Amino acid sequence: MRFLITSKNKFPMPPEAVPGVLDAMIAWAKKYTGNGKIQDIWSCAGLQAGGGIANVNSLEELDAIMTEFPLGPFSETEIYPLVDLNDALQRMKQVAQAMGGRG
């Protein structure tokens, strides 16, 4: 199961917490990219935002990973399930045909 994760800072971190939170974020990214659960990870240039692609076996596994996300308390995070485009288009075509459309 693949998911697109996007995150933007919403609440400022207390200045004294910044070094520790950033160290925790570095460790989190290393842990989950190292084990392949986060396949891609990025930061947005000029923004306090970023994202990644999670590849997990269950929603519970995704929840466990995101529970550990160090920037979570300071961020607005959105998660979108990803499906193969060709498969999605075929399903849409089947629905359109079932509804009387041409295809």
# chains A, B, ... in the order shown; residues from 1 in each chain; ligands from 1
$ closest_atom_pairs --of "region 10-57 of chain A" --to "region 73-92 of chain A" --cutoff "10 Å" --atoms "only C-alpha atoms" --output "Markdown table"
| residue | atom | partner | partner_atom | distance |
| --- | --- | --- | --- | --- |
| A:Lys10 | CA | A:Ser75 | CA | 4.8 |
| A:Phe11 | CA | A:Phe74 | CA | 4.8 |
| A:Pro12 | CA | A:Phe74 | CA | 6.5 |
| A:Met13 | CA | A:Phe74 | CA | 6.6 |
| A:Pro14 | CA | A:Phe74 | CA | 10.0 |
| A:Gln48 | CA | A:Ser75 | CA | 9.3 |
| A:Ala49 | CA | A:Ser75 | CA | 8.5 |
| A:Gly50 | CA | A:Thr77 | CA | 9.6 |
| A:Gly51 | CA | A:Thr77 | CA | 9.0 |
| A:Gly52 | CA | A:Ile79 | CA | 9.7 |
| A:Ile53 | CA | A:Leu82 | CA | 9.1 |
| A:Ala54 | CA | A:Pro81 | CA | 9.5 |
| A:Asn55 | CA | A:Leu82 | CA | 9.8 |
$ write_last_selection --atoms "C-alpha atoms" --output "CSV table (one decimal), in the first residue's frame"
chain,number,residue,atom,x,y,z
A,10,LYS,CA,1.6,25.1,11.0
A,11,PHE,CA,2.7,26.0,14.5
A,12,PRO,CA,6.1,27.5,15.4
A,13,MET,CA,8.5,25.3,17.4
A,14,PRO,CA,9.8,26.7,20.6
A,48,GLN,CA,8.9,24.7,5.9
A,49,ALA,CA,7.2,21.8,4.2
A,50,GLY,CA,8.0,18.4,2.6
A,51,GLY,CA,6.7,15.0,1.8
A,52,GLY,CA,7.3,11.5,0.9
A,53,ILE,CA,5.9,8.2,-0.4
A,54,ALA,CA,5.3,5.6,2.2
A,55,ASN,CA,5.1,1.9,1.2
$ closest_residue --among "A:Ile26, A:Gly36, A:Val56, A:Cys44" --to "Ser7 (chain A)" --atoms "only C-alpha atoms"
A:Cys44
$ atom_distance --atom1 "CA of Trp42 (chain A)" --atom2 "CA of Asn9 (chain A)"
14.2 Å
$ atom_distance --atom1 "CA of Ala24 (chain A)" --atom2 "CA of Thr67 (chain A)"
12.9 Å
$ atom_distance --atom1 "CA of Gln39 (chain A)" --atom2 "CA of Asp23 (chain A)"
20.2 Å
$ select_by_dssp --residues "chain A" --states "helix (DSSP H, G or I)" --output "number ranges by chain"
A: 15-34, 59-67, 72-74, 85-98
